[in-house]
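Comments concern the structure below.
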Amino acid sequence: MFTGKRKFKKFEPKIWLSSPTMHGLEIEYIKVAYKTNWMSTVGANINEIEKMLCNKIGCKYAVALSAGTASLHMAVKLAGVKFGQKVFSSDLTFDATANPIVYEGGVPIFIDTEYDTWNMDPVALEKAFEIYKDVKVVVVAHLYGTPGKIDEIIAVCEKHHAMIIEDAAESLGATYKGRQTGAFGLYNCISFNGNKIITGSAGGMLLTDNKEVADKVRKWATQSRENAPWYQHEELGYNYRMSNVIAGVVRGQIPYLEEHIAQKRAIYERYKDGFKDLPVTMNPYDVKNSKPNFWLSCLLINKEAMCKQVRGEQEALYISEQGKSCPTEILETLAKYNVEGRPIWKPMHMQPIYRMNGFVTREGNGRAKTNAYIADGVVGQDGKPLDISMDIFQRGLCLPSDNKMTVEQQDRIIEVIRSCFE
């Protein structure tokens with residue numbers, strides 16, 4: 001519901017969360033595919049973007065695929081995940097991080113988040129290895145373009161002889177200690193979905209330093225066709241290769257990656273400055289070691305400034321209170337003025353499809369604690385919620401972060417959000 005505290009002019013056209021930003025070069029490479037008649041899953045555009053991304057990220061081989069999810073599926077398959085095998089996964093993420101584990105018959109076990117970067121908590125990961133001693137694969141996502149605590153996560157995985165699959169779908173161009181995300185795992189994945197910082201309208205890429213692995217993924221992604229004069233198939237294959245047309249869009253986008261990152265960072269900083277006297281904080285990052293790509297700017301409302309909010313499976317209600325607000329109120333207010341915002345990803349362990357799966361916090365098995373936290377606000381010994389993923393979901397939201405948004409438009413959006421706290 002919207003009670004309204006101040007009136008603003010409706011935005012026309014609509015301000016989107018993060019829409020594609022085209023520059024004109026993209027259509028030229030699409031024309032190349034058209035004129036040369038390479039419209040399928042081979043062609044110069046595919047070859048070129050694989051080289052360009054290798055050079056950018058610092059890996060030896062890249063395989064262009066139909067989606068970031070496809071690349072994650074191939075990574076899980078490469079990791080040898082079998083039916084019933086448990087795999088650790090980031091909890092505060094989009095479900096494309098976890099779903100490929102299930103495609104191969106694996107069982108995701110979700111690892112709670114930490115407040116410093118909103119990513120997988122290395123302490124909770126260590127605790128998870130104490131509970132599930134046989135796990136050998138960890139899927140790590142970098143939320144909203146912000147690198148997680150990579151060194152600490154790698155140290156925990158090395159200690160327990162586990163491999164890392166890096167889900168860098170949201171973090172293309174972000175760096176940790178000067179190294180690009182997408183270069184830290186044994187198998188690494190990026191996305192070119194329509195709302196990503198670099199888009200192909202669709203598409204993704206698997207990154208590796210192993211030629212044999214790259215060749216295997218190319219084979220799997222083209223229906224596992226054998227090198228025979230007829231269509232011979234000796235193992236399960238997939239129709240996962242990227243189209244040369246989509247690759248043309250990606251090829252035209254890549255030269256603008258740094259420009260997009262600079263624009264996204266400016267949006268983040270303007271929000272941070274515009275909200276400096278409100279009871280809120282922006283999505284955090286490790287200033288010393290990380291350079292996010294700032295794909296999405298997000299807001300976390302201080303606990304004492306939260307009005308009452310209840311969320312069901314598909315609906316949410318709130319009670320407006322003077323001087324306070326909540327994600328539901330802010331998102332509904334933005335929508336009233338033709339502006340798109342979104343809730344933080346609902347944690348995987350709270351999704352109906354995954355509610356029977358394991359969930360581990362830094363204090364151990366988190367299932368019972370999650371239910372207690374929701375009911376009573378139970379906290380751990382450090383005074384923090386036992387379920388950090390859920391806390392961020394409850395108090396956070398994604399702000400409109402479209403890099404075509406003007407300064408004047410963003411200033412108006414800031415005023416709309418500020419009005420929710422009046």
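Order determines the names: the first chain of the structure tokens is A, the second B, and so forth; residues in each chain are numbered 1 upward, and ligands are numbered 1 upward as they are shown.
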Long-range neighbours of region 128-142 of chain A as JSON, numbers by chain, 6 Å cut-off, only C-alpha atoms, 3 positions minimum in chain | {"A": [86, 87, 88, 89, 90, 125, 145, 146, 147, 148, 162, 163, 164, 165, 166, 167, 168, 360]}
May I have the residues from that selection written out with N, CA and C atoms, as an mmCIF file, in the first residue's frame?
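That gives us result_21.cif:
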data_model
loop_
_atom_site.group_PDB
_atom_site.id
_atom_site.type_symbol
_atom_site.label_atom_id
_atom_site.label_comp_id
_atom_site.auth_asym_id
_atom_site.auth_seq_id
_atom_site.Cartn_x
_atom_site.Cartn_y
_atom_site.Cartn_z
ATOM 1 N N LYS A 86 26.670 -33.675 -2.416
ATOM 2 C CA LYS A 86 26.439 -32.341 -1.860
ATOM 3 C C LYS A 86 27.468 -31.348 -2.394
ATOM 4 N N VAL A 87 27.001 -30.131 -2.679
ATOM 5 C CA VAL A 87 27.843 -29.055 -3.203
ATOM 6 C C VAL A 87 27.513 -27.784 -2.427
ATOM 7 N N PHE A 88 28.527 -27.076 -1.941
ATOM 8 C CA PHE A 88 28.303 -25.810 -1.248
ATOM 9 C C PHE A 88 28.046 -24.700 -2.275
ATOM 10 N N SER A 89 27.111 -23.813 -1.939
ATOM 11 C CA SER A 89 26.744 -22.725 -2.842
ATOM 12 C C SER A 89 26.486 -21.451 -2.058
ATOM 13 N N SER A 90 26.764 -20.317 -2.691
ATOM 14 C CA SER A 90 26.339 -19.036 -2.118
ATOM 15 C C SER A 90 24.844 -19.067 -1.881
ATOM 16 N N LEU A 125 31.609 -21.024 5.782
ATOM 17 C CA LEU A 125 32.099 -22.064 4.879
ATOM 18 C C LEU A 125 32.958 -23.072 5.638
ATOM 19 N N GLY A 145 28.009 -7.467 -8.457
ATOM 20 C CA GLY A 145 29.255 -6.926 -9.004
ATOM 21 C C GLY A 145 30.324 -6.664 -7.971
ATOM 22 N N THR A 146 30.106 -7.107 -6.724
ATOM 23 C CA THR A 146 31.074 -6.889 -5.652
ATOM 24 C C THR A 146 31.819 -8.178 -5.332
ATOM 25 N N PRO A 147 33.146 -8.198 -5.446
ATOM 26 C CA PRO A 147 33.904 -9.413 -5.109
ATOM 27 C C PRO A 147 33.750 -9.791 -3.642
ATOM 28 N N GLY A 148 33.673 -11.095 -3.406
ATOM 29 C CA GLY A 148 33.631 -11.590 -2.041
ATOM 30 C C GLY A 148 35.021 -11.632 -1.431
ATOM 31 N N ALA A 162 38.933 -28.797 -1.782
ATOM 32 C CA ALA A 162 37.724 -28.585 -2.576
ATOM 33 C C ALA A 162 38.012 -27.608 -3.714
ATOM 34 N N MET A 163 37.370 -27.827 -4.847
ATOM 35 C CA MET A 163 37.540 -26.929 -5.991
ATOM 36 C C MET A 163 36.499 -25.824 -5.944
ATOM 37 N N ILE A 164 36.840 -24.688 -6.568
ATOM 38 C CA ILE A 164 35.932 -23.544 -6.637
ATOM 39 C C ILE A 164 35.417 -23.379 -8.063
ATOM 40 N N ILE A 165 34.101 -23.239 -8.182
ATOM 41 C CA ILE A 165 33.467 -22.758 -9.407
ATOM 42 C C ILE A 165 33.066 -21.317 -9.131
ATOM 43 N N GLU A 166 33.570 -20.410 -9.920
ATOM 44 C CA GLU A 166 33.322 -18.983 -9.676
ATOM 45 C C GLU A 166 32.183 -18.488 -10.557
ATOM 46 N N ASP A 167 31.113 -18.050 -9.927
ATOM 47 C CA ASP A 167 29.981 -17.448 -10.621
ATOM 48 C C ASP A 167 30.199 -15.941 -10.649
ATOM 49 N N ALA A 168 30.822 -15.488 -11.743
ATOM 50 C CA ALA A 168 31.092 -14.058 -11.927
ATOM 51 C C ALA A 168 30.088 -13.440 -12.890
ATOM 52 N N VAL A 360 23.974 -23.347 6.259
ATOM 53 C CA VAL A 360 24.969 -23.251 7.320
ATOM 54 C C VAL A 360 25.331 -21.791 7.584
#
Within 8 Å of Cys189 (chain A), counting only C-alpha atoms, which residues show up once you throw out same-chain ones fewer than 2 positions away? Write them as a VMD selection string, please.
-> chain A and resid 68 71 to 72 75 165 to 169 182 187 191 204 to 207
Prev. selection, C-alpha atoms, output as a short mmCIF file (atom, residue, chain, number, x, y, z; two decimals), in the first residue's frame:
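Written file, part-v4.cif:
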data_model
loop_
_atom_site.label_atom_id
_atom_site.label_comp_id
_atom_site.auth_asym_id
_atom_site.auth_seq_id
_atom_site.Cartn_x
_atom_site.Cartn_y
_atom_site.Cartn_z
CA GLY A 68 25.54 -17.77 -17.98
CA SER A 71 28.24 -22.06 -18.48
CA LEU A 72 27.53 -22.85 -14.82
CA ALA A 75 31.23 -26.09 -14.89
CA ILE A 165 33.47 -22.76 -9.41
CA GLU A 166 33.32 -18.98 -9.68
CA ASP A 167 29.98 -17.45 -10.62
CA ALA A 168 31.09 -14.06 -11.93
CA ALA A 169 27.84 -13.54 -13.86
CA GLY A 182 36.32 -14.88 -13.29
CA TYR A 187 36.08 -23.18 -13.73
CA SER A 191 26.90 -13.69 -18.19
CA GLY A 204 27.46 -16.43 -21.25
CA MET A 205 30.99 -17.78 -21.20
CA LEU A 206 32.99 -20.47 -19.46
CA LEU A 207 36.58 -19.51 -18.64
#
Which residues of region 282-313 of chain A have any atom within 12 Å of an atom in region 348-358 of chain A when counting only C-alpha atoms, and what is the closest pair of atoms for each, with the distance in Å to one decimal? Order the rows by chain and rising number and write it as a tab-separated table.
residue	atom	partner	partner_atom	distance
A:Arg311	CA	A:Met350	CA	11.9
A:Gly312	CA	A:Met350	CA	11.3
A:Glu313	CA	A:Pro352	CA	8.6
Any chance you could export the current selection's C-alpha atoms as a tab-separated table (two decimals), in the first residue's frame?
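Written output follows (part-v8.tsv):
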chain	number	residue	atom	x	y	z
A	311	ARG	CA	6.40	-10.70	3.35
A	312	GLY	CA	4.57	-13.80	2.23
A	313	GLU	CA	5.44	-16.00	-0.73
Assign secondary structure with DSSP using the backbone only, and return the residues of region 265-384 of chain A in strand (DSSP E or B) as a ChimeraX atom specification.
-> /A:280-282,290-291,298-301,306,308-311,316-319,325,339,342-343,359-361,364-365,379
May I have the residues within 7 Å of Phe11 (chain A) as number ranges by chain, using only C-alpha atoms and disregarding those fewer than 6 positions away in the same chain?
-> A: 337-339
